[in-house]
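Chemist: Below is the file protein20.pdb, with PDB, C-alpha atoms, pLDDT in the B column.
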```
ATOM      1  CA  ILE A   1     -14.222   4.327  -1.067  1.00 89.00           C
ATOM      2  CA  SER A   2     -12.369   7.370   0.254  1.00 93.00           C
ATOM      3  CA  MET A   3      -9.756   8.980  -1.992  1.00 94.00           C
ATOM      4  CA  MET A   4      -6.986  10.279   0.266  1.00 95.00           C
ATOM      5  CA  ALA A   5      -4.196  12.700  -0.628  1.00 95.00           C
ATOM      6  CA  CYS A   6      -1.272  14.506   0.945  1.00 93.00           C
ATOM      7  CA  LYS A   7       2.300  15.514   0.154  1.00 91.00           C
ATOM      8  CA  VAL A   8       5.367  13.371   0.798  1.00 91.00           C
ATOM      9  CA  SER A   9       6.439  15.959   3.403  1.00 87.00           C
ATOM     10  CA  ASP A  10       3.237  15.401   5.421  1.00 87.00           C
ATOM     11  CA  ILE A  11       4.168  11.762   5.987  1.00 87.00           C
ATOM     12  CA  ARG A  12       7.920  12.372   6.380  1.00 84.00           C
ATOM     13  CA  LYS A  13       7.459  14.912   9.167  1.00 82.00           C
ATOM     14  CA  CYS A  14       4.857  12.881  11.067  1.00 80.00           C
ATOM     15  CA  ASN A  15       6.148  11.537  14.364  1.00 75.00           C
ATOM     16  CA  LEU A  16       4.274   8.270  14.834  1.00 74.00           C
ATOM     17  CA  PRO A  17       4.955   6.421  18.067  1.00 67.00           C
ATOM     18  CA  LYS A  18       7.223   3.403  17.533  1.00 71.00           C
ATOM     19  CA  ASN A  19       5.418   0.084  17.404  1.00 74.00           C
ATOM     20  CA  ASP A  20       7.901  -2.311  19.042  1.00 75.00           C
ATOM     21  CA  ALA A  21       5.771  -5.321  18.107  1.00 78.00           C
ATOM     22  CA  LEU A  22       6.165  -4.643  14.381  1.00 86.00           C
ATOM     23  CA  ASN A  23       9.107  -4.526  11.961  1.00 89.00           C
ATOM     24  CA  CYS A  24       8.438  -2.925   8.594  1.00 91.00           C
ATOM     25  CA  ASN A  25      10.918  -3.908   5.897  1.00 91.00           C
ATOM     26  CA  ALA A  26      10.956  -2.196   2.501  1.00 94.00           C
ATOM     27  CA  GLN A  27      12.607  -2.962  -0.796  1.00 94.00           C
ATOM     28  CA  PRO A  28      12.170  -2.144  -4.474  1.00 94.00           C
ATOM     29  CA  GLY A  29       9.421  -4.268  -6.007  1.00 94.00           C
ATOM     30  CA  HIS A  30      11.627  -5.757  -8.719  1.00 92.00           C
ATOM     31  CA  GLU A  31      13.970  -7.176  -6.029  1.00 94.00           C
ATOM     32  CA  LEU A  32      11.405  -9.407  -4.292  1.00 95.00           C
ATOM     33  CA  ASP A  33      12.442 -13.043  -4.142  1.00 95.00           C
ATOM     34  CA  SER A  34      10.073 -15.933  -4.891  1.00 95.00           C
ATOM     35  CA  LYS A  35       9.162 -16.438  -1.210  1.00 94.00           C
ATOM     36  CA  GLN A  36       8.243 -12.762  -0.804  1.00 95.00           C
ATOM     37  CA  LYS A  37       6.215 -12.834  -4.017  1.00 96.00           C
ATOM     38  CA  GLY A  38       4.435 -15.930  -2.696  1.00 96.00           C
ATOM     39  CA  TRP A  39       3.558 -14.065   0.505  1.00 96.00           C
ATOM     40  CA  LEU A  40       2.298 -11.109  -1.512  1.00 97.00           C
ATOM     41  CA  PHE A  41       0.163 -13.238  -3.849  1.00 97.00           C
ATOM     42  CA  ASP A  42      -1.291 -15.147  -0.884  1.00 97.00           C
ATOM     43  CA  LEU A  43      -2.066 -12.025   1.171  1.00 97.00           C
ATOM     44  CA  ASP A  44      -3.736 -10.416  -1.844  1.00 96.00           C
ATOM     45  CA  ARG A  45      -5.794 -13.528  -2.639  1.00 96.00           C
ATOM     46  CA  ARG A  46      -6.972 -13.788   0.978  1.00 96.00           C
ATOM     47  CA  ALA A  47      -7.833 -10.084   1.117  1.00 95.00           C
ATOM     48  CA  THR A  48      -9.644  -9.821  -2.218  1.00 93.00           C
ATOM     49  CA  GLY A  49     -10.840 -13.348  -2.955  1.00 94.00           C
ATOM     50  CA  PHE A  50      -9.178 -13.136  -6.391  1.00 93.00           C
ATOM     51  CA  CYS A  51      -5.958 -14.396  -7.934  1.00 95.00           C
ATOM     52  CA  ARG A  52      -4.265 -11.253  -9.309  1.00 93.00           C
ATOM     53  CA  ARG A  53      -0.736 -12.556  -9.913  1.00 95.00           C
ATOM     54  CA  LYS A  54      -0.408 -10.983 -13.363  1.00 93.00           C
ATOM     55  CA  ARG A  55      -1.517  -7.561 -12.154  1.00 92.00           C
ATOM     56  CA  ILE A  56       0.738  -7.679  -9.122  1.00 94.00           C
ATOM     57  CA  ASN A  57       3.719  -8.796 -11.216  1.00 92.00           C
ATOM     58  CA  LEU A  58       3.050  -5.871 -13.565  1.00 90.00           C
ATOM     59  CA  LEU A  59       2.914  -3.522 -10.577  1.00 91.00           C
ATOM     60  CA  LEU A  60       6.194  -4.890  -9.179  1.00 92.00           C
ATOM     61  CA  LYS A  61       8.232  -4.723 -12.361  1.00 86.00           C
ATOM     62  CA  GLY A  62       6.714  -1.536 -13.740  1.00 78.00           C
ATOM     63  CA  TYR A  63       4.988  -1.153 -17.041  1.00 71.00           C
ATOM     64  CA  SER A  64       6.850   1.806 -18.526  1.00 76.00           C
ATOM     65  CA  GLU A  65      10.322   3.313 -18.645  1.00 80.00           C
ATOM     66  CA  GLY A  66      11.113   5.140 -15.393  1.00 83.00           C
ATOM     67  CA  CYS A  67       8.386   3.435 -13.372  1.00 90.00           C
ATOM     68  CA  SER A  68       9.419   2.448  -9.835  1.00 91.00           C
ATOM     69  CA  CYS A  69       7.713   0.431  -7.127  1.00 94.00           C
ATOM     70  CA  THR A  70       8.430  -0.177  -3.428  1.00 95.00           C
ATOM     71  CA  VAL A  71       7.028  -2.957  -1.239  1.00 97.00           C
ATOM     72  CA  VAL A  72       6.857  -3.002   2.576  1.00 97.00           C
ATOM     73  CA  PHE A  73       6.192  -6.147   4.577  1.00 96.00           C
ATOM     74  CA  ALA A  74       5.092  -5.850   8.218  1.00 94.00           C
ATOM     75  CA  LEU A  75       6.534  -8.644  10.338  1.00 91.00           C
ATOM     76  CA  SER A  76       6.088  -9.424  14.004  1.00 85.00           C
ATOM     77  CA  SER A  77       9.158  -8.273  15.964  1.00 78.00           C
ATOM     78  CA  ASN A  78       9.364 -11.471  17.968  1.00 76.00           C
ATOM     79  CA  CYS A  79       9.544 -13.711  14.878  1.00 73.00           C
ATOM     80  CA  GLY A  80      12.389 -14.390  12.491  1.00 65.00           C
ATOM     81  CA  SER A  81      12.670 -12.956   8.992  1.00 62.00           C
ATOM     82  CA  ASP A  82      11.054 -16.131   7.603  1.00 68.00           C
ATOM     83  CA  ALA A  83       7.829 -15.509   9.537  1.00 82.00           C
ATOM     84  CA  TYR A  84       4.675 -14.961   7.522  1.00 89.00           C
ATOM     85  CA  PRO A  85       3.981 -11.203   7.270  1.00 94.00           C
ATOM     86  CA  GLN A  86       1.111  -9.477   9.042  1.00 94.00           C
ATOM     87  CA  GLY A  87       0.679  -7.039   6.193  1.00 96.00           C
ATOM     88  CA  VAL A  88       2.027  -5.610   2.960  1.00 97.00           C
ATOM     89  CA  ALA A  89       1.962  -2.173   1.323  1.00 97.00           C
ATOM     90  CA  ILE A  90       2.911  -1.280  -2.239  1.00 97.00           C
ATOM     91  CA  GLY A  91       3.502   2.125  -3.781  1.00 96.00           C
ATOM     92  CA  ARG A  92       4.430   3.121  -7.300  1.00 94.00           C
ATOM     93  CA  GLN A  93       5.701   6.166  -9.093  1.00 92.00           C
ATOM     94  CA  ASP A  94       5.134   6.098 -12.855  1.00 89.00           C
ATOM     95  CA  PHE A  95       7.961   8.535 -13.590  1.00 87.00           C
ATOM     96  CA  PHE A  96      10.645  10.411 -11.657  1.00 84.00           C
ATOM     97  CA  GLY A  97       9.041  13.383  -9.902  1.00 87.00           C
ATOM     98  CA  GLY A  98       5.538  12.052 -10.606  1.00 90.00           C
ATOM     99  CA  PRO A  99       2.815  11.376  -8.035  1.00 92.00           C
ATOM    100  CA  PHE A 100       3.210   8.452  -5.647  1.00 94.00           C
ATOM    101  CA  ILE A 101       0.243   6.078  -5.945  1.00 94.00           C
ATOM    102  CA  ILE A 102      -0.238   3.673  -3.057  1.00 96.00           C
ATOM    103  CA  GLY A 103      -2.119   0.414  -3.173  1.00 95.00           C
ATOM    104  CA  PRO A 104      -2.749  -2.223  -2.327  1.00 96.00           C
ATOM    105  CA  ILE A 105      -2.249  -2.152   1.426  1.00 97.00           C
ATOM    106  CA  ILE A 106      -3.292  -5.391   3.067  1.00 97.00           C
ATOM    107  CA  GLY A 107      -3.314  -6.257   6.772  1.00 96.00           C
ATOM    108  CA  SER A 108      -4.733  -4.864   9.982  1.00 93.00           C
ATOM    109  CA  GLU A 109      -5.453  -1.183  10.489  1.00 91.00           C
ATOM    110  CA  GLU A 110      -2.776  -1.190  13.212  1.00 90.00           C
ATOM    111  CA  CYS A 111      -0.152  -2.158  10.607  1.00 91.00           C
ATOM    112  CA  CYS A 112      -1.264   0.410   8.056  1.00 93.00           C
ATOM    113  CA  LEU A 113       0.248   3.634   9.426  1.00 91.00           C
ATOM    114  CA  PRO A 114       3.713   2.171  10.138  1.00 92.00           C
ATOM    115  CA  MET A 115       3.773   0.525   6.695  1.00 94.00           C
ATOM    116  CA  LEU A 116       2.675   3.746   5.028  1.00 93.00           C
ATOM    117  CA  ARG A 117       5.396   5.759   6.769  1.00 90.00           C
ATOM    118  CA  GLU A 118       8.070   3.173   5.875  1.00 92.00           C
ATOM    119  CA  LEU A 119       6.840   3.069   2.286  1.00 94.00           C
ATOM    120  CA  ILE A 120       7.280   6.836   1.849  1.00 91.00           C
ATOM    121  CA  HIS A 121      10.650   7.026   3.608  1.00 88.00           C
ATOM    122  CA  CYS A 122      12.162   4.091   1.739  1.00 90.00           C
ATOM    123  CA  HIS A 123      10.721   4.689  -1.720  1.00 91.00           C
ATOM    124  CA  PHE A 124      12.161   8.159  -1.908  1.00 86.00           C
ATOM    125  CA  ASP A 125      15.502   6.923  -0.544  1.00 80.00           C
ATOM    126  CA  PHE A 126      15.601   4.122  -3.152  1.00 70.00           C
ATOM    127  CA  THR A 127      14.776   6.444  -6.055  1.00 69.00           C
ATOM    128  CA  SER A 128      16.901   9.417  -4.928  1.00 68.00           C
ATOM    129  CA  ASP A 129      13.868  11.650  -5.449  1.00 66.00           C
ATOM    130  CA  SER A 130      14.130  14.064  -2.540  1.00 67.00           C
ATOM    131  CA  SER A 131      11.154  16.283  -3.371  1.00 75.00           C
ATOM    132  CA  ASN A 132       8.773  16.762  -0.475  1.00 77.00           C
ATOM    133  CA  ASP A 133       6.150  18.335  -2.743  1.00 85.00           C
ATOM    134  CA  ILE A 134       5.261  15.125  -4.564  1.00 92.00           C
ATOM    135  CA  GLY A 135       1.615  14.194  -4.200  1.00 93.00           C
ATOM    136  CA  VAL A 136       0.614  10.935  -2.514  1.00 94.00           C
ATOM    137  CA  THR A 137      -2.788   9.387  -3.290  1.00 95.00           C
ATOM    138  CA  PHE A 138      -4.636   6.206  -2.409  1.00 95.00           C
ATOM    139  CA  MET A 139      -8.139   4.796  -2.005  1.00 93.00           C
ATOM    140  CA  VAL A 140      -9.298   3.354   1.319  1.00 94.00           C
ATOM    141  CA  SER A 141     -12.043   0.776   0.902  1.00 87.00           C
ATOM    142  CA  ASN A 142     -14.636   0.310   3.679  1.00 86.00           C
ATOM    143  CA  HIS A 143     -12.382   1.223   6.614  1.00 90.00           C
ATOM    144  CA  MET A 144     -13.780   4.485   7.975  1.00 92.00           C
ATOM    145  CA  LYS A 145     -11.837   4.325  11.261  1.00 93.00           C
ATOM    146  CA  LEU A 146      -8.629   4.155   9.207  1.00 92.00           C
ATOM    147  CA  VAL A 147      -9.756   7.180   7.175  1.00 93.00           C
ATOM    148  CA  GLU A 148     -10.329   9.153  10.381  1.00 91.00           C
ATOM    149  CA  ASN A 149      -6.893   8.131  11.701  1.00 89.00           C
ATOM    150  CA  LEU A 150      -5.237   9.204   8.444  1.00 90.00           C
ATOM    151  CA  LEU A 151      -6.985  12.576   8.528  1.00 89.00           C
ATOM    152  CA  GLY A 152      -5.688  13.176  12.041  1.00 84.00           C
ATOM    153  CA  VAL A 153      -2.182  11.729  11.826  1.00 80.00           C
ATOM    154  CA  PHE A 154      -0.780  12.520   8.386  1.00 76.00           C
ATOM    155  CA  ASN A 155      -2.575  15.795   7.584  1.00 78.00           C
ATOM    156  CA  MET A 156      -4.378  13.972   4.777  1.00 88.00           C
ATOM    157  CA  ALA A 157      -7.193  15.402   2.746  1.00 91.00           C
ATOM    158  CA  ARG A 158     -10.206  13.353   1.725  1.00 92.00           C
ATOM    159  CA  LEU A 159     -10.655  14.316  -1.935  1.00 90.00           C
ATOM    160  CA  TRP A 160     -13.891  12.420  -2.457  1.00 90.00           C
ATOM    161  CA  GLU A 161     -15.950   9.590  -1.104  1.00 87.00           C
ATOM    162  CA  PHE A 162     -18.164   7.181  -3.034  1.00 83.00           C
ATOM    163  CA  PRO A 163     -19.903   3.904  -2.295  1.00 77.00           C
ATOM    164  CA  SER A 164     -17.722   0.839  -2.751  1.00 69.00           C
ATOM    165  CA  MET A 165     -17.643  -0.966  -6.037  1.00 67.00           C
ATOM    166  CA  SER A 166     -20.179  -3.710  -6.379  1.00 66.00           C
ATOM    167  CA  LEU A 167     -20.818  -6.682  -8.576  1.00 68.00           C
ATOM    168  CA  ASP A 168     -24.491  -7.533  -8.981  1.00 72.00           C
ATOM    169  CA  GLY A 169     -25.291  -5.589  -5.801  1.00 71.00           C
ATOM    170  CA  GLU A 170     -22.631  -7.254  -3.645  1.00 73.00           C
ATOM    171  CA  SER A 171     -19.147  -6.122  -2.698  1.00 73.00           C
ATOM    172  CA  VAL A 172     -16.560  -6.966  -5.340  1.00 73.00           C
ATOM    173  CA  TYR A 173     -14.350  -8.248  -2.502  1.00 79.00           C
ATOM    174  CA  ARG A 174     -17.082 -10.218  -0.700  1.00 82.00           C
ATOM    175  CA  ASN A 175     -14.909 -13.351  -0.781  1.00 88.00           C
ATOM    176  CA  GLY A 176     -12.010 -11.558   0.909  1.00 91.00           C
ATOM    177  CA  ASP A 177     -11.148 -11.671   4.595  1.00 93.00           C
ATOM    178  CA  GLY A 178     -11.597  -7.927   5.327  1.00 90.00           C
ATOM    179  CA  SER A 179      -7.874  -7.091   5.305  1.00 94.00           C
ATOM    180  CA  TYR A 180      -7.972  -5.167   1.991  1.00 93.00           C
ATOM    181  CA  LEU A 181      -7.383  -1.680   3.408  1.00 94.00           C
ATOM    182  CA  VAL A 182      -6.162   0.331   0.433  1.00 94.00           C
ATOM    183  CA  MET A 183      -7.128  -0.609  -3.089  1.00 91.00           C
ATOM    184  CA  MET A 184      -4.803  -1.233  -5.990  1.00 89.00           C
ATOM    185  CA  HIS A 185      -5.381   1.720  -8.316  1.00 76.00           C
ATOM    186  CA  PRO A 186      -8.162   0.853 -10.806  1.00 73.00           C
ATOM    187  CA  THR A 187      -5.799   1.420 -13.740  1.00 67.00           C
ATOM    188  CA  LEU A 188      -4.136  -1.836 -12.672  1.00 64.00           C
ATOM    189  CA  GLY A 189      -6.932  -3.838 -11.148  1.00 50.00           C
TER     190      GLY A 189
END
```
Would you kindly transcribe this structure into structure tokens?
Modeler:
Amino acid sequence: ISMMACKVSDIRKCNLPKNDALNCNAQPGHELDSKQKGWLFDLDRRATGFCRRKRINLLLKGYSEGCSCTVVFALSSNCGSDAYPQGVAIGRQDFFGGPFIIGPIIGSEECCLPMLRELIHCHFDFTSDSSNDIGVTFMVSNHMKLVENLLGVFNMARLWEFPSMSLDGESVYRNGDGSYLVMMHPTLG
């Protein structure tokens, strides 16, 4: 697990090349409709091998006054808005002006950077928090190529690195499909 960190400004000023094959659509977590929640629950179950509906619902609605959450779905550009997403990213801010905690991010590594950029841009537009000095943190699980890309593209810092969590000597997410890129913060699950 690699703990990554940067400032909002590092992601905002990054000039990623446009990925014409991908549309990233963001909205506040509490505004997801039942179909979008179904996609999210299914993607998470496939990625982790666990049903975490309660934890994800808590993440979406917030668990304290002033908590906000943004969700980004990555959809193929050549499909309609009803197409099953290729990935999802969620970020939360526990209070106005507080750090932005990202996770989970589920999908391919190619989807991750565009979703991450959209997540930052839209969350801070939705919440009217214009500070560029807010810290952004997240934990990448077993995707070292993604870590290297993040270090090079977004001016990220790797705060620490530890072996992945295990359960009886095996990966906690051994029943997942490998698409669990960024972990949900352990305070939630």
Chemist: So how far away is atom CA of Ala47 of chain A from atom CA of Val172 of chain A, in Å?
Modeler: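 It comes out at 11.3 Å.
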Chemist: I'd like the neighbourhood of Met184 of chain A as an MDAnalysis selection string, where a residue qualifies if any of its atoms comes within 8 Å (using only C-alpha atoms), though same-chain residues fewer than 6 positions away should be ignored.
Modeler: chainID A and resid 102:105 139
Chemist: Between atom CA of Leu59 of chain A and atom CA of Ala5 of chain A, what is the distance, to one decimal in Å?
Modeler: 20.3 Å
Chemist: Which residue, A:Arg53, A:Lys13, A:His123, A:Arg46, has the smallest gap to Ala26 of chain A when you use only C-alpha atoms?
Modeler: A:His123
Chemist: Within 9 Å of (2.4, 1.5, 5.7) (coordinates as in the file), grab all the protein and nucleic acid residues, counting only C-alpha atoms, and write them out as a list in words.
Modeler: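 Neighbouring residues, ordered by chain and number, come to Cys24, Val72, Phe73, Ala74, Gly87, Val88, Ala89, Ile90, Ile105, Cys111, Cys112, Leu113, Pro114, Met115, Leu116, Arg117, Glu118, Leu119 and Ile120 of chain A.
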Chemist: Would you mind listing what lies within 10 Å of Gly98 of chain A as an mmCIF file with C-alpha atoms, in the frame of the given file, with all atoms listed in the file counted and same-chain residues fewer than 6 positions away left out?
Modeler:
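Dumped everything to result.cif:
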```cif
data_model
loop_
_atom_site.group_PDB
_atom_site.id
_atom_site.type_symbol
_atom_site.label_atom_id
_atom_site.label_comp_id
_atom_site.auth_asym_id
_atom_site.auth_seq_id
_atom_site.Cartn_x
_atom_site.Cartn_y
_atom_site.Cartn_z
ATOM 1 C CA CYS A 67 8.386 3.435 -13.372
ATOM 2 C CA ARG A 92 4.430 3.121 -7.300
ATOM 3 C CA ASP A 129 13.868 11.650 -5.449
ATOM 4 C CA ILE A 134 5.261 15.125 -4.564
ATOM 5 C CA GLY A 135 1.615 14.194 -4.200
ATOM 6 C CA VAL A 136 0.614 10.935 -2.514
#
```
Chemist: Can you list what the PyMOL selection byres ((chain A and resi 15-22) around 6) grabs from this structure, as a list in words?
Modeler: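 This file gives the following for the PyMOL selection byres ((chain A and resi 15-22) around 6): Cys14, Asn23, Leu75, Ser76 and Ser77 of chain A.
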Chemist: Could you work out an axis-aligned bounding box for all listed atoms of segment 34-44 of chain A, with 6 Å added on each of the six sides, and give its centre and edge lengths in Å to one decimal, as lines of an AutoDock Vina configuration file?
Modeler:
```
center_x = 3.2
center_y = -13.4
center_z = -1.9
size_x = 25.8
size_y = 18.0
size_z = 18.1
```
Chemist: If I take atom CA of Ser171 of chain A and atom CA of Ala157 of chain A, how far is one from the other in Å, to one decimal?
Modeler: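 Interatomic distance, atom CA of Ser171 of chain A to atom CA of Ala157 of chain A: 25.2 Å.
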Chemist: Which one of A:Gly49, A:Gly97, A:Gly152, A:Gly91 sits closest to Gly178 of chain A if you count all atoms listed in the file?
Modeler: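 Residue with the minimum atom-to-atom distance to Gly178 of chain A: A:Gly49.
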Chemist: On this file, the PyMOL selection byres ((chain A and resi 56) around 9) gives some set of residues; write that set as a VMD selection string.
Modeler: chain A and resid 40 to 41 44 52 to 55 57 to 61 188 to 189
Chemist: For the structure shown, which residues end up in the PyMOL selection byres ((chain A and resi 151) around 12)? Put them as an NGL selection string, please?
Modeler: :A and (2-6 or 10-11 or 113 or 140 or 144-150 or 152-159)
Chemist: Next, write the just-selected residues to a file, as a CSV table (one decimal), in the frame of the given file, keeping C-alpha atoms as the atom set.
Modeler:
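Written file, result-v5.csv:
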```csv
chain,number,residue,atom,x,y,z
A,2,SER,CA,-12.4,7.4,0.3
A,3,MET,CA,-9.8,9.0,-2.0
A,4,MET,CA,-7.0,10.3,0.3
A,5,ALA,CA,-4.2,12.7,-0.6
A,6,CYS,CA,-1.3,14.5,0.9
A,10,ASP,CA,3.2,15.4,5.4
A,11,ILE,CA,4.2,11.8,6.0
A,113,LEU,CA,0.2,3.6,9.4
A,140,VAL,CA,-9.3,3.4,1.3
A,144,MET,CA,-13.8,4.5,8.0
A,145,LYS,CA,-11.8,4.3,11.3
A,146,LEU,CA,-8.6,4.2,9.2
A,147,VAL,CA,-9.8,7.2,7.2
A,148,GLU,CA,-10.3,9.2,10.4
A,149,ASN,CA,-6.9,8.1,11.7
A,150,LEU,CA,-5.2,9.2,8.4
A,152,GLY,CA,-5.7,13.2,12.0
A,153,VAL,CA,-2.2,11.7,11.8
A,154,PHE,CA,-0.8,12.5,8.4
A,155,ASN,CA,-2.6,15.8,7.6
A,156,MET,CA,-4.4,14.0,4.8
A,157,ALA,CA,-7.2,15.4,2.7
A,158,ARG,CA,-10.2,13.4,1.7
A,159,LEU,CA,-10.7,14.3,-1.9
```
Chemist: Excluding same-chain residues fewer than 6 positions from Gly62 of chain A, what lies within 8 Å of it counting all atoms listed in the file, as a PyMOL selection string?
Modeler: chain A and resi 68-69+94
Chemist: With all atoms listed in the file as the basis for distance, which of A:Leu32, A:Cys51, A:Ile106, A:Ile1 is at the shortest distance from Asn175 of chain A?
Modeler: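 Among A:Leu32, A:Cys51, A:Ile106, A:Ile1, it is A:Cys51 that comes nearest to Asn175 of chain A.
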Chemist: Have a look at A:Val71, A:Cys122, A:Cys79, A:Ile101 and name the one nearest to Lys7 of chain A; count all atoms listed in the file.
Modeler: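 Of all the options, A:Ile101 lies closest to Lys7 of chain A.
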Chemist: Return the single residue from A:Phe100, A:Gly169, A:Trp160, A:Gly107 that is closest to Asp133 of chain A, with distances computed using all atoms listed in the file.
Modeler: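 Checking each candidate against Asp133 of chain A, we get A:Phe100 as the closest.
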Chemist: Using all atoms listed in the file, find the one residue out of A:Tyr63, A:Glu110, A:Asp42, A:Phe124 that sits nearest to Pro28 of chain A.
Modeler: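 Going through A:Tyr63, A:Glu110, A:Asp42, A:Phe124 one by one, the smallest distance to Pro28 of chain A is for A:Phe124.
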Chemist: Working from the structure I just supplied, which lacks atoms in segment 34-46 of chain A, can you model N, CA and C atoms there and output them as a PDB file, in the coordinates of the input?
Modeler:
```
ATOM      1  N   SER A  34      11.263 -15.113  -4.642  1.00 95.00           N
ATOM      2  CA  SER A  34      10.073 -15.933  -4.891  1.00 95.00           C
ATOM      3  C   SER A  34       9.247 -16.146  -3.618  1.00 95.00           C
ATOM      4  N   LYS A  35       9.901 -16.266  -2.461  1.00 94.00           N
ATOM      5  CA  LYS A  35       9.162 -16.438  -1.210  1.00 94.00           C
ATOM      6  C   LYS A  35       8.340 -15.181  -0.899  1.00 94.00           C
ATOM      7  N   GLN A  36       8.953 -14.015  -1.065  1.00 95.00           N
ATOM      8  CA  GLN A  36       8.243 -12.762  -0.804  1.00 95.00           C
ATOM      9  C   GLN A  36       7.087 -12.578  -1.785  1.00 95.00           C
ATOM     10  N   LYS A  37       7.314 -12.917  -3.044  1.00 96.00           N
ATOM     11  CA  LYS A  37       6.215 -12.834  -4.017  1.00 96.00           C
ATOM     12  C   LYS A  37       5.096 -13.794  -3.626  1.00 96.00           C
ATOM     13  N   GLY A  38       5.450 -14.974  -3.153  1.00 96.00           N
ATOM     14  CA  GLY A  38       4.435 -15.930  -2.696  1.00 96.00           C
ATOM     15  C   GLY A  38       3.605 -15.360  -1.560  1.00 96.00           C
ATOM     16  N   TRP A  39       4.284 -14.720  -0.590  1.00 96.00           N
ATOM     17  CA  TRP A  39       3.558 -14.065   0.505  1.00 96.00           C
ATOM     18  C   TRP A  39       2.602 -13.013  -0.047  1.00 96.00           C
ATOM     19  N   LEU A  40       3.101 -12.185  -0.943  1.00 97.00           N
ATOM     20  CA  LEU A  40       2.298 -11.109  -1.512  1.00 97.00           C
ATOM     21  C   LEU A  40       1.079 -11.654  -2.254  1.00 97.00           C
ATOM     22  N   PHE A  41       1.279 -12.654  -3.105  1.00 97.00           N
ATOM     23  CA  PHE A  41       0.163 -13.238  -3.849  1.00 97.00           C
ATOM     24  C   PHE A  41      -0.866 -13.837  -2.891  1.00 97.00           C
ATOM     25  N   ASP A  42      -0.389 -14.514  -1.842  1.00 97.00           N
ATOM     26  CA  ASP A  42      -1.291 -15.147  -0.884  1.00 97.00           C
ATOM     27  C   ASP A  42      -2.071 -14.105  -0.078  1.00 97.00           C
ATOM     28  N   LEU A  43      -1.381 -13.085   0.422  1.00 97.00           N
ATOM     29  CA  LEU A  43      -2.066 -12.025   1.171  1.00 97.00           C
ATOM     30  C   LEU A  43      -3.127 -11.354   0.309  1.00 97.00           C
ATOM     31  N   ASP A  44      -2.793 -11.072  -0.949  1.00 96.00           N
ATOM     32  CA  ASP A  44      -3.736 -10.416  -1.844  1.00 96.00           C
ATOM     33  C   ASP A  44      -4.935 -11.321  -2.135  1.00 96.00           C
ATOM     34  N   ARG A  45      -4.694 -12.595  -2.369  1.00 96.00           N
ATOM     35  CA  ARG A  45      -5.794 -13.528  -2.639  1.00 96.00           C
ATOM     36  C   ARG A  45      -6.722 -13.631  -1.433  1.00 96.00           C
ATOM     37  N   ARG A  46      -6.148 -13.718  -0.236  1.00 96.00           N
ATOM     38  CA  ARG A  46      -6.972 -13.788   0.978  1.00 96.00           C
ATOM     39  C   ARG A  46      -7.793 -12.512   1.166  1.00 96.00           C
TER      40      ARG A  46
END
```
